[in-house]
>>> print(open('final-v8.txt').read())   # compact mmCIF, C-alpha atoms
# COMPACT_ATOMS: atom_id res chain seq x y z
CA MET A 1 19.78 274.98 55.84
CA LYS A 2 23.01 275.70 57.70
CA TYR A 3 24.77 273.16 59.92
CA GLU A 4 27.10 273.96 62.81
CA ALA A 5 28.80 271.60 65.27
CA PRO A 6 30.12 273.75 68.13
CA GLN A 7 32.52 272.27 70.68
CA THR A 8 31.43 274.32 73.71
CA LEU A 9 28.16 275.23 75.42
CA ASP A 10 28.89 278.96 74.98
CA ALA A 11 29.48 278.59 71.26
CA ALA A 12 26.23 276.62 70.87
CA VAL A 13 24.22 279.26 72.77
CA ARG A 14 25.77 282.05 70.65
CA LEU A 15 24.78 280.25 67.45
CA LEU A 16 21.19 279.73 68.65
CA ALA A 17 20.88 283.32 69.91
CA SER A 18 22.25 284.94 66.75
CA GLU A 19 20.08 283.02 64.25
CA SER A 20 17.29 285.29 62.97
CA GLY A 21 15.34 282.40 61.40
CA GLN A 22 14.41 279.09 62.95
CA ALA A 23 17.24 277.26 64.71
CA LYS A 24 16.98 273.68 65.93
CA VAL A 25 19.21 271.73 68.27
CA LEU A 26 20.33 268.41 66.77
CA ALA A 27 21.12 265.55 69.16
CA GLY A 28 20.18 262.03 68.00
CA GLY A 29 17.96 263.43 65.27
CA THR A 30 15.52 260.50 65.27
CA ASP A 31 12.52 262.82 65.55
CA LEU A 32 14.05 266.02 64.12
CA LEU A 33 15.23 264.57 60.80
CA VAL A 34 11.84 262.96 60.18
CA GLN A 35 10.11 266.30 60.84
CA ILE A 36 12.49 268.06 58.43
CA LYS A 37 12.05 265.41 55.75
CA THR A 38 8.26 265.56 55.96
CA ASP A 39 8.29 269.40 55.91
CA VAL A 40 6.69 269.67 59.36
CA ILE A 41 9.51 272.12 60.13
CA GLU A 42 11.95 273.95 57.88
CA PRO A 43 14.81 275.15 60.08
CA ASP A 44 17.37 277.67 58.82
CA LEU A 45 20.07 276.39 61.15
CA LEU A 46 20.88 273.06 62.79
CA VAL A 47 23.15 273.18 65.84
CA ASP A 48 24.62 269.72 66.40
CA ILE A 49 25.48 269.56 70.12
CA LYS A 50 27.11 266.12 70.08
CA GLY A 51 30.63 267.59 69.93
CA ILE A 52 30.16 269.19 73.36
CA GLY A 53 31.60 267.03 76.14
CA GLU A 54 29.03 267.90 78.82
CA VAL A 55 26.05 266.60 76.83
CA ARG A 56 27.65 263.25 76.04
CA GLN A 57 28.79 262.04 79.49
CA ILE A 58 27.37 259.99 82.34
CA THR A 59 29.06 260.92 85.64
CA GLU A 60 28.43 260.11 89.30
CA GLU A 61 27.88 263.32 91.26
CA ASN A 62 27.08 263.70 94.99
CA GLY A 63 25.84 260.13 95.17
CA GLY A 64 23.56 260.60 92.16
CA PHE A 65 24.02 260.45 88.39
CA ARG A 66 24.40 263.27 85.88
CA ILE A 67 23.37 262.14 82.40
CA GLY A 68 24.22 264.26 79.37
CA ALA A 69 21.14 265.19 77.36
CA ALA A 70 22.63 263.64 74.20
CA VAL A 71 23.67 260.28 75.69
CA THR A 72 22.01 257.58 73.58
CA GLY A 73 19.66 254.85 74.76
CA ALA A 74 22.24 252.20 73.86
CA GLU A 75 24.86 253.97 75.99
CA LEU A 76 22.46 254.25 78.95
CA GLU A 77 21.77 250.51 78.77
CA GLU A 78 25.50 249.73 78.84
CA ASN A 79 26.06 251.64 82.11
CA ALA A 80 25.51 248.87 84.68
CA ALA A 81 25.64 251.14 87.76
CA LEU A 82 23.01 253.45 86.29
CA VAL A 83 20.71 250.59 85.22
CA ASN A 84 21.06 249.03 88.65
CA THR A 85 20.21 252.24 90.51
CA TRP A 86 17.48 253.61 88.21
CA PRO A 87 16.05 250.65 86.29
CA GLY A 88 12.76 252.45 85.67
CA VAL A 89 14.35 255.52 84.11
CA ILE A 90 16.49 253.39 81.83
CA GLU A 91 13.76 250.93 80.79
CA GLY A 92 11.66 253.92 79.72
CA ALA A 93 14.50 255.33 77.63
CA ASN A 94 15.18 251.88 76.13
CA LEU A 95 11.58 251.56 74.89
CA ILE A 96 12.08 254.36 72.37
CA GLY A 97 12.09 252.82 68.88
CA SER A 98 14.18 249.94 67.53
CA THR A 99 17.74 248.79 68.20
CA GLN A 100 18.79 251.15 65.40
CA VAL A 101 16.93 254.09 66.96
CA GLN A 102 18.45 253.27 70.36
CA GLY A 103 21.86 253.83 68.77
CA ARG A 104 20.93 257.50 68.29
CA ALA A 105 17.91 258.50 70.40
CA THR A 106 18.52 260.61 73.52
CA MET A 107 16.51 261.56 76.61
CA GLY A 108 17.07 265.25 75.92
CA GLY A 109 15.59 264.83 72.47
CA ASN A 110 12.74 262.65 73.69
CA LEU A 111 11.72 265.38 76.17
CA CYS A 112 12.25 268.34 73.82
CA ASN A 113 10.34 266.66 70.98
CA GLY A 114 7.36 267.60 73.12
CA SER A 115 5.18 264.49 72.82
CA PRO A 116 2.84 263.63 75.72
CA ALA A 117 3.61 259.95 75.00
CA ALA A 118 7.43 260.25 75.27
CA ASP A 119 8.56 257.01 76.93
CA SER A 120 11.57 258.35 78.84
CA VAL A 121 9.81 261.29 80.49
CA PRO A 122 7.50 259.68 83.13
CA GLY A 123 10.46 257.77 84.58
CA LEU A 124 12.57 260.94 84.80
CA ILE A 125 9.77 262.86 86.52
CA ALA A 126 9.05 259.99 88.92
CA ALA A 127 12.76 259.94 89.79
CA GLY A 128 12.63 263.62 90.74
CA ALA A 129 15.14 264.44 88.01
CA THR A 130 16.15 268.03 87.33
CA ALA A 131 17.37 269.36 83.99
CA THR A 132 20.30 271.76 83.68
CA ILE A 133 19.49 274.26 80.96
CA VAL A 134 22.09 276.54 79.38
CA GLY A 135 21.33 279.90 77.79
CA PRO A 136 22.85 283.37 77.28
CA GLY A 137 22.68 284.08 81.04
CA GLY A 138 24.45 280.86 82.03
CA THR A 139 22.76 277.75 83.41
CA ARG A 140 19.53 277.22 85.34
CA GLU A 141 17.87 274.17 86.87
CA LEU A 142 14.29 273.08 86.28
CA PRO A 143 12.42 269.99 87.52
CA VAL A 144 11.69 267.78 84.50
CA GLU A 145 7.92 268.00 85.16
CA ASP A 146 8.05 271.76 84.52
CA ILE A 147 9.70 271.54 81.07
CA MET A 148 6.97 270.28 78.77
CA LEU A 149 3.90 272.54 78.88
CA ALA A 150 1.73 271.15 76.07
CA PRO A 151 2.27 269.17 72.86
CA ARG A 152 5.38 270.68 71.16
CA LYS A 153 5.47 273.53 73.75
CA LEU A 154 8.43 273.75 76.14
CA ALA A 155 9.51 276.07 78.96
CA ILE A 156 12.84 276.45 77.15
CA ALA A 157 13.65 279.55 75.11
CA LYS A 158 14.92 279.55 71.53
CA ASP A 159 18.47 280.29 72.67
CA GLU A 160 18.50 277.66 75.44
CA PHE A 161 18.93 273.88 75.49
CA ILE A 162 19.19 271.05 78.00
CA VAL A 163 22.76 270.10 78.90
CA SER A 164 22.08 267.24 81.32
CA PHE A 165 19.67 265.54 83.70
CA TYR A 166 20.50 264.98 87.36
CA LEU A 167 19.14 261.90 89.13
CA PRO A 168 19.49 262.41 92.90
CA ALA A 169 21.15 260.08 95.39
CA ARG A 170 18.99 257.10 96.29
CA PRO A 171 17.92 256.25 99.87
CA ALA A 172 18.07 252.55 100.85
CA HIS A 173 15.02 250.42 99.88
CA SER A 174 14.16 252.47 96.80
CA GLY A 175 12.91 251.20 93.46
CA ASP A 176 11.46 252.59 90.26
CA ALA A 177 9.73 251.20 87.17
CA TYR A 178 8.19 252.28 83.88
CA LEU A 179 5.56 250.38 81.92
CA ARG A 180 3.65 251.34 78.84
CA PHE A 181 0.70 249.83 77.07
CA ILE A 182 0.85 249.42 73.29
CA PRO A 183 -1.32 247.17 71.09
CA ARG A 184 1.74 245.20 69.93
CA THR A 185 5.00 243.99 71.48
CA GLU A 186 7.50 246.48 70.07
CA MET A 187 7.91 249.63 67.99
CA ASP A 188 4.82 251.64 68.85
CA ILE A 189 3.76 254.79 70.67
CA ALA A 190 2.39 254.51 74.21
CA VAL A 191 -1.40 254.45 74.62
CA VAL A 192 -0.68 254.89 78.33
CA GLY A 193 2.65 255.02 80.15
CA ALA A 194 3.32 255.01 83.90
CA GLY A 195 6.45 255.76 85.91
CA VAL A 196 6.55 254.98 89.62
CA ASN A 197 9.36 255.66 92.11
CA LEU A 198 9.08 254.34 95.69
CA THR A 199 11.13 254.43 98.90
CA LEU A 200 10.31 252.02 101.76
CA ASP A 201 11.24 251.82 105.43
CA GLU A 202 12.88 248.75 106.97
CA ALA A 203 9.48 247.08 107.43
CA GLY A 204 8.50 247.55 103.80
CA LYS A 205 6.13 250.47 104.42
CA ILE A 206 6.16 253.11 101.66
CA THR A 207 7.60 256.42 102.88
CA ALA A 208 7.87 258.27 99.57
CA ALA A 209 6.07 257.76 96.26
CA ARG A 210 5.96 259.60 92.95
CA VAL A 211 3.55 258.43 90.27
CA VAL A 212 3.63 259.86 86.73
CA LEU A 213 1.33 259.10 83.79
CA GLY A 214 2.18 259.55 80.11
CA ALA A 215 -0.08 259.81 77.02
CA VAL A 216 -3.25 260.59 79.01
CA ALA A 217 -3.05 264.39 79.05
CA PRO A 218 -1.49 267.21 77.00
CA ARG A 219 1.76 266.60 78.88
CA PRO A 220 3.24 263.91 81.16
CA LEU A 221 1.39 264.18 84.48
CA LEU A 222 2.86 264.00 87.96
CA VAL A 223 -0.13 262.78 90.01
CA PRO A 224 0.46 263.69 93.69
CA GLU A 225 -2.85 262.07 94.79
CA ALA A 226 -1.69 258.76 93.32
CA GLY A 227 1.58 258.95 95.24
CA GLU A 228 -0.20 259.91 98.47
CA ALA A 229 -2.49 256.89 98.08
CA LEU A 230 0.53 254.64 98.54
CA ILE A 231 2.34 256.35 101.42
CA GLY A 232 2.13 254.47 104.72
CA SER A 233 1.03 251.25 103.00
CA THR A 234 2.83 248.04 102.09
CA LEU A 235 1.17 248.21 98.67
CA ASP A 236 -1.81 246.21 99.87
CA GLU A 237 -5.01 245.88 97.86
CA ALA A 238 -6.61 248.93 99.50
CA ALA A 239 -3.65 251.15 98.56
CA LEU A 240 -3.56 249.78 95.01
CA GLY A 241 -7.28 250.49 94.68
CA LYS A 242 -6.79 254.10 95.78
CA LEU A 243 -3.84 254.41 93.38
CA ALA A 244 -5.99 253.13 90.51
CA THR A 245 -8.80 255.57 91.31
CA ALA A 246 -6.40 258.53 91.55
CA ALA A 247 -4.70 257.55 88.27
CA SER A 248 -7.96 257.40 86.33
CA ALA A 249 -9.20 260.64 87.92
CA ALA A 250 -6.09 262.50 86.72
CA CYS A 251 -6.54 261.48 83.08
CA ASN A 252 -7.48 264.06 80.47
CA PRO A 253 -6.69 262.15 77.27
CA ILE A 254 -7.55 262.45 73.60
CA ASP A 255 -9.42 260.02 71.37
CA ASP A 256 -7.24 258.68 68.59
CA LYS A 257 -6.60 255.52 66.60
CA ARG A 258 -4.58 254.05 69.49
CA GLY A 259 -7.28 254.42 72.11
CA THR A 260 -10.44 256.23 73.11
CA ILE A 261 -10.75 258.58 76.09
CA GLU A 262 -12.65 255.92 78.02
CA TYR A 263 -10.14 253.21 77.20
CA ARG A 264 -7.09 255.28 78.11
CA THR A 265 -8.68 256.36 81.38
CA LYS A 266 -9.35 252.75 82.34
CA VAL A 267 -5.98 251.40 81.18
CA ALA A 268 -4.13 254.15 83.11
CA ALA A 269 -5.40 252.60 86.36
CA VAL A 270 -4.27 249.11 85.35
CA ILE A 271 -0.83 250.22 84.16
CA ALA A 272 -0.27 252.42 87.24
CA ARG A 273 -0.99 249.41 89.50
CA ARG A 274 1.29 247.05 87.60
CA THR A 275 4.11 249.60 87.53
CA ALA A 276 3.78 250.23 91.28
CA GLU A 277 4.01 246.47 91.92
CA ILE A 278 7.28 246.23 89.97
CA ALA A 279 8.73 249.32 91.67
CA TYR A 280 7.76 247.89 95.07
CA GLN A 281 9.46 244.52 94.35
CA ARG A 282 12.60 246.36 93.27
CA ALA A 283 12.55 248.56 96.39
CA ARG A 284 12.17 245.47 98.63
CA SER A 285 15.22 243.84 97.08
CA ASN A 286 17.45 246.92 97.57
CA MET B 1 25.09 274.91 51.76
CA LYS B 2 27.60 272.25 50.56
CA HIS B 3 29.82 270.41 53.00
CA HIS B 4 33.00 268.55 52.24
CA ILE B 5 32.98 265.39 54.33
CA SER B 6 35.50 262.59 54.75
CA PHE B 7 34.99 259.32 56.57
CA THR B 8 35.92 255.64 56.38
CA LEU B 9 33.58 253.31 54.48
CA ASN B 10 34.22 249.59 54.90
CA GLY B 11 37.82 250.38 55.79
CA ASP B 12 38.49 252.71 52.85
CA PRO B 13 38.78 256.51 53.18
CA VAL B 14 36.07 258.29 51.18
CA GLU B 15 35.19 261.93 50.52
CA ALA B 16 31.98 263.53 49.32
CA LEU B 17 30.24 266.86 48.91
CA CYS B 18 26.76 266.99 50.42
CA ASP B 19 23.98 269.42 51.28
CA THR B 20 22.95 269.79 54.92
CA ASP B 21 19.69 267.95 54.33
CA GLN B 22 21.28 264.90 52.70
CA THR B 23 21.22 261.90 54.99
CA LEU B 24 24.00 259.35 55.28
CA LEU B 25 21.76 257.10 53.17
CA ASP B 26 21.59 259.78 50.44
CA VAL B 27 25.37 260.20 50.56
CA LEU B 28 26.01 256.46 50.29
CA ARG B 29 23.59 255.91 47.41
CA ASP B 30 23.65 259.17 45.45
CA GLU B 31 27.15 260.55 46.04
CA LEU B 32 29.22 257.38 46.47
CA ASP B 33 27.15 255.00 44.28
CA MET B 34 27.03 252.43 47.07
CA THR B 35 23.49 251.25 46.44
CA GLY B 36 23.54 248.06 48.54
CA THR B 37 22.00 250.01 51.41
CA LYS B 38 18.28 250.40 50.65
CA GLU B 39 15.73 253.10 51.32
CA GLY B 40 12.43 251.77 52.66
CA CYS B 41 10.43 254.23 54.75
CA ALA B 42 13.09 256.95 55.16
CA THR B 43 11.67 257.69 58.62
CA GLY B 44 13.53 255.14 60.80
CA ASP B 45 10.74 252.59 61.04
CA CYS B 46 11.77 249.82 58.63
CA GLY B 47 15.51 249.27 59.10
CA ALA B 48 16.22 248.70 55.38
CA CYS B 49 18.93 251.38 55.51
CA SER B 50 20.75 249.89 58.53
CA VAL B 51 24.49 250.48 58.68
CA SER B 52 27.05 250.50 61.44
CA VAL B 53 28.65 253.83 62.46
CA ASP B 54 31.61 253.63 64.84
CA GLY B 55 30.46 250.12 65.72
CA ARG B 56 26.89 251.15 66.51
CA LEU B 57 23.87 249.86 64.54
CA VAL B 58 21.86 252.81 63.18
CA CYS B 59 19.44 253.80 60.44
CA SER B 60 21.39 255.73 57.81
CA CYS B 61 18.20 257.66 56.93
CA LEU B 62 18.20 259.18 60.45
CA MET B 63 21.69 260.70 60.29
CA LEU B 64 22.99 263.55 58.20
CA GLY B 65 25.93 263.07 55.86
CA VAL B 66 27.54 266.15 57.38
CA GLU B 67 27.68 264.37 60.75
CA MET B 68 29.95 261.67 59.28
CA ASN B 69 33.30 263.50 59.36
CA GLY B 70 35.89 261.17 60.88
CA LYS B 71 33.41 258.34 61.43
CA LYS B 72 33.84 254.66 60.55
CA VAL B 73 30.87 253.48 58.49
CA GLU B 74 30.24 249.85 57.58
CA SER B 75 27.67 248.94 54.96
CA ILE B 76 26.53 245.72 53.29
CA GLU B 77 29.23 246.12 50.59
CA GLY B 78 31.85 245.41 53.24
CA MET B 79 30.25 242.25 54.59
CA ALA B 80 31.64 239.58 52.21
CA ASP B 81 35.39 239.02 52.04
CA GLY B 82 35.89 239.31 48.27
CA ASP B 83 34.00 236.35 46.78
CA LYS B 84 33.68 234.67 50.16
CA LEU B 85 30.30 235.36 51.70
CA HIS B 86 29.94 236.22 55.39
CA PRO B 87 28.51 233.21 57.31
CA LEU B 88 25.23 235.12 57.75
CA GLN B 89 24.95 235.70 53.99
CA GLN B 90 25.63 232.01 53.33
CA LYS B 91 23.03 230.86 55.86
CA PHE B 92 20.43 233.28 54.50
CA LEU B 93 20.84 231.57 51.12
CA GLU B 94 20.67 228.08 52.63
CA HIS B 95 17.55 228.88 54.66
CA ALA B 96 15.89 230.89 51.85
CA ALA B 97 15.60 233.73 54.37
CA LEU B 98 14.76 236.27 51.69
CA GLN B 99 12.38 236.74 48.82
CA CYS B 100 12.35 240.20 47.23
CA GLY B 101 15.57 241.12 49.01
CA ILE B 102 14.96 244.80 49.75
CA CYS B 103 15.13 244.33 53.51
CA THR B 104 18.01 241.83 53.36
CA PRO B 105 21.05 244.16 53.51
CA GLY B 106 19.60 245.87 56.58
CA VAL B 107 18.67 242.59 58.23
CA LEU B 108 22.18 241.20 57.61
CA ILE B 109 23.89 244.30 59.01
CA ALA B 110 21.62 244.23 62.06
CA ALA B 111 22.13 240.50 62.63
CA LYS B 112 25.92 240.91 62.31
CA SER B 113 25.80 243.65 64.95
CA LEU B 114 23.85 241.32 67.27
CA LEU B 115 26.25 238.39 66.87
CA GLU B 116 29.25 240.65 67.52
CA ARG B 117 27.73 241.55 70.89
CA ASN B 118 26.03 238.28 71.71
CA PRO B 119 27.39 235.14 70.00
CA ASP B 120 24.73 232.93 71.62
CA PRO B 121 21.40 234.79 71.45
CA THR B 122 18.07 233.19 72.29
CA GLU B 123 15.29 233.25 69.71
CA THR B 124 13.57 235.95 71.76
CA GLU B 125 16.72 238.07 71.79
CA VAL B 126 17.04 237.75 68.01
CA ARG B 127 13.41 238.71 67.51
CA TYR B 128 13.67 241.79 69.75
CA TRP B 129 17.00 242.87 68.25
CA LEU B 130 15.52 242.66 64.72
CA ALA B 131 12.16 244.25 65.64
CA GLY B 132 13.22 247.38 63.73
CA ASN B 133 13.85 245.46 60.49
CA LEU B 134 10.58 245.02 58.63
CA CYS B 135 10.18 242.24 56.06
CA ARG B 136 6.96 241.94 54.09
CA CYS B 137 7.85 238.64 52.32
CA THR B 138 9.20 236.00 54.64
CA GLY B 139 7.05 236.17 57.75
CA TYR B 140 10.39 236.43 59.62
CA ASP B 141 10.66 232.80 60.66
CA LYS B 142 13.33 231.85 58.09
CA ILE B 143 15.30 234.97 58.98
CA ILE B 144 15.30 234.05 62.67
CA ARG B 145 16.28 230.42 61.89
CA ALA B 146 19.13 231.59 59.65
CA VAL B 147 20.51 233.94 62.32
CA LEU B 148 20.33 231.25 65.02
CA ALA B 149 21.98 228.68 62.71
CA THR B 150 24.77 231.13 61.86
CA ALA B 151 25.36 231.83 65.54
CA ALA B 152 25.61 228.11 66.26
CA ASP B 153 28.06 227.58 63.35
CA MET B 154 30.21 230.56 64.31
CA ARG B 155 30.43 229.39 67.91
CA GLY B 156 31.54 225.94 66.68
CA ALA B 157 34.13 227.36 64.30
>>> encode(input="final-v8.txt", output="structure tokens")
Amino acid sequence: MKYEAPQTLDAAVRLLASESGQAKVLAGGTDLLVQIKTDVIEPDLLVDIKGIGEVRQITEENGGFRIGAAVTGAELEENAALVNTWPGVIEGANLIGSTQVQGRATMGGNLCNGSPAADSVPGLIAAGATATIVGPGGTRELPVEDIMLAPRKLAIAKDEFIVSFYLPARPAHSGDAYLRFIPRTEMDIAVVGAGVNLTLDEAGKITAARVVLGAVAPRPLLVPEAGEALIGSTLDEAALGKLATAASAACNPIDDKRGTIEYRTKVAAVIARRTAEIAYQRARSN
Amino acid sequence: MKHHISFTLNGDPVEALCDTDQTLLDVLRDELDMTGTKEGCATGDCGACSVSVDGRLVCSCLMLGVEMNGKKVESIEGMADGDKLHPLQQKFLEHAALQCGICTPGVLIAAKSLLERNPDPTETEVRYWLAGNLCRCTGYDKIIRAVLATAADMRGA
């Protein structure tokens, strides 16, 4: 297994494009190294992108934030302006693994690992984040909801990788949140996750809503019906009821040791409601 | 493919030759004979291999040795000052916060990292910070007490 640590995006793309065997991008490595060690994958080349400036920075851009794909969870948590503006995105990223894992794990890696239960992905999709992807033809933009297609299947070619995520400028009275359900307090994989991002008018009426569910389908699900159920409301009981119904209706989960189909479908409604309530409180206080 | 790597370990410059698939844990134990850092699960779940890299708490089983060039690594061997134990090590003895001891180096390194950032943590903060350090002997309570007692002592000192 070869190892390269290029210093520029172009050099990284050239390495990925010229490898005839399997090449893997190495960021935090918290999923990749485990898969290599357990022989799930046997790459011929690792391209460590952490030496490339663009993937390691958080910058403010046009009123929004650009977050390098290889910024770690611990670094996200330490950026007060980012946490303040997008608490839901960051609390999702900070749920990945232990303190030790947070020192390494990245949102780019969490997305590209291709798990339907990835904790940082619903928050990014709810936020309307776009990913900047670099490849041999230069860069392209893709909404985060269009990147993961199915478990371990991505809309990113072998010679491409994610450079950064862009979180757009925030209107006044906006708030987001991410919650997940696990059978214990820490260190587990989501049975259900929900990301909600709301914008309110001056009177507290919801004018924009994006609701995303994780771990209940082959990929994280943006559920437009669930968002529409909230628009025009002040998150009253009727709106929450419609949200819960839309959330359960969107579920297409698997049975596994963490939860049955029936259980996940029911819990998705509960978690979507609770997440919306937190996002609404945050939006009211902004 | 062999790589020549050089980094700082507990303040001393070190060099090693490693294969791409050798983790930092493998390099510490097998190439540098620094066996204080333990291997538990080798998949980042148990925290037994915790070390600090450039001031950041990490699992040494989840990093490659080849990524270490120019880094500052701190392991359990650097915790005591000669024969003088670190206050955390002393309190772990006083509180009997260990039995078999396999998890202890990782717990100590993780607790040290917490106290450097937060000299006055709550019990809840200690428990969450150490959630990635598994101990199958103590039931955790003595570990938590020892960390809180150390924090109180160090604040008083």
>>> residues_around(input="final-v8.txt", residues="range 215-219 of chain A", least_positions_apart="2", cutoff="9 Å", atoms="all atoms listed in the file", output="PyMOL selection string")
chain A and resi 114-118+145+148-151+189-193+213+221+250-254+261+264-265+268
>>> closest_residue(input="final-v8.txt", among="A:Leu46, A:Ala131, A:Ala11, A:Leu111", to="Leu64 in chain B", atoms="only C-alpha atoms")
A:Leu46
>>> atom_distance(input="final-v8.txt", atom1="CA of Ile76 in chain B", atom2="CA of Arg56 in chain A")
28.7 Å
>>> atom_distance(input="final-v8.txt", atom1="CA of Glu125 in chain B", atom2="CA of Ile182 in chain A")
19.6 Å
>>> residues_around(input="final-v8.txt", residues="Ala69 in chain A", least_positions_apart="6", cutoff="10 Å", atoms="all atoms listed in the file", output="PyMOL selection string")
chain A and resi 27-28+49-50+54-58+106-111+131-133+161-165
>>> interface_residues(input="final-v8.txt", of="chain A", to="chain B", cutoff="6 Å", atoms="all atoms listed in the file", output="compact mmCIF listing (two decimals) with C-alpha atoms, in the coordinates of the input")
# COMPACT_ATOMS: atom_id res chain seq x y z
CA THR A 30 15.52 260.50 65.27
CA VAL A 34 11.84 262.96 60.18
CA SER A 98 14.18 249.94 67.53
CA THR A 99 17.74 248.79 68.20
CA GLN A 100 18.79 251.15 65.40
CA GLY A 103 21.86 253.83 68.77
>>> decode(input="final-v8.txt", residues="range 171-215 of chain A", atoms="C-alpha atoms", output="PDB file, in the first residue's frame")
ATOM      1  CA  PRO A 171     -31.663  35.119   7.540  1.00  0.00           C
ATOM      2  CA  ALA A 172     -32.745  36.618  10.895  1.00  0.00           C
ATOM      3  CA  HIS A 173     -34.826  34.336  13.172  1.00  0.00           C
ATOM      4  CA  SER A 174     -33.258  31.107  11.923  1.00  0.00           C
ATOM      5  CA  GLY A 175     -32.354  28.046  13.952  1.00  0.00           C
ATOM      6  CA  ASP A 176     -31.273  24.472  13.361  1.00  0.00           C
ATOM      7  CA  ALA A 177     -30.910  21.317  15.440  1.00  0.00           C
ATOM      8  CA  TYR A 178     -29.889  17.673  15.180  1.00  0.00           C
ATOM      9  CA  LEU A 179     -31.000  14.868  17.478  1.00  0.00           C
ATOM     10  CA  ARG A 180     -30.413  11.178  17.271  1.00  0.00           C
ATOM     11  CA  PHE A 181     -31.831   8.240  19.142  1.00  0.00           C
ATOM     12  CA  ILE A 182     -29.441   5.583  20.458  1.00  0.00           C
ATOM     13  CA  PRO A 183     -30.107   2.962  23.151  1.00  0.00           C
ATOM     14  CA  ARG A 184     -27.346   4.404  25.372  1.00  0.00           C
ATOM     15  CA  THR A 185     -25.992   7.863  26.193  1.00  0.00           C
ATOM     16  CA  GLU A 186     -22.797   7.954  24.135  1.00  0.00           C
ATOM     17  CA  MET A 187     -20.692   6.092  21.589  1.00  0.00           C
ATOM     18  CA  ASP A 188     -23.283   4.404  19.402  1.00  0.00           C
ATOM     19  CA  ILE A 189     -24.724   4.516  15.902  1.00  0.00           C
ATOM     20  CA  ALA A 190     -28.014   6.333  15.309  1.00  0.00           C
ATOM     21  CA  VAL A 191     -31.187   4.234  15.238  1.00  0.00           C
ATOM     22  CA  VAL A 192     -32.864   7.383  13.927  1.00  0.00           C
ATOM     23  CA  GLY A 193     -31.407  10.847  13.380  1.00  0.00           C
ATOM     24  CA  ALA A 194     -33.210  14.080  12.489  1.00  0.00           C
ATOM     25  CA  GLY A 195     -31.923  17.446  11.299  1.00  0.00           C
ATOM     26  CA  VAL A 196     -34.271  20.430  11.162  1.00  0.00           C
ATOM     27  CA  ASN A 197     -33.542  23.959   9.927  1.00  0.00           C
ATOM     28  CA  LEU A 198     -36.182  26.704  10.338  1.00  0.00           C
ATOM     29  CA  THR A 199     -36.579  30.389   9.488  1.00  0.00           C
ATOM     30  CA  LEU A 200     -39.361  32.439  11.129  1.00  0.00           C
ATOM     31  CA  ASP A 201     -40.946  35.812  10.447  1.00  0.00           C
ATOM     32  CA  GLU A 202     -41.133  38.574  13.067  1.00  0.00           C
ATOM     33  CA  ALA A 203     -44.301  37.046  14.549  1.00  0.00           C
ATOM     34  CA  GLY A 204     -42.729  33.617  14.963  1.00  0.00           C
ATOM     35  CA  LYS A 205     -44.468  32.043  11.968  1.00  0.00           C
ATOM     36  CA  ILE A 206     -42.316  29.516  10.071  1.00  0.00           C
ATOM     37  CA  THR A 207     -41.438  30.749   6.572  1.00  0.00           C
ATOM     38  CA  ALA A 208     -38.879  28.113   5.576  1.00  0.00           C
ATOM     39  CA  ALA A 209     -38.299  24.582   6.857  1.00  0.00           C
ATOM     40  CA  ARG A 210     -36.048  21.708   5.871  1.00  0.00           C
ATOM     41  CA  VAL A 211     -36.430  18.367   7.633  1.00  0.00           C
ATOM     42  CA  VAL A 212     -33.956  15.517   7.104  1.00  0.00           C
ATOM     43  CA  LEU A 213     -34.025  11.991   8.537  1.00  0.00           C
ATOM     44  CA  GLY A 214     -31.017   9.696   8.992  1.00  0.00           C
ATOM     45  CA  ALA A 215     -30.801   5.899   9.472  1.00  0.00           C
TER      46      ALA A 215
END
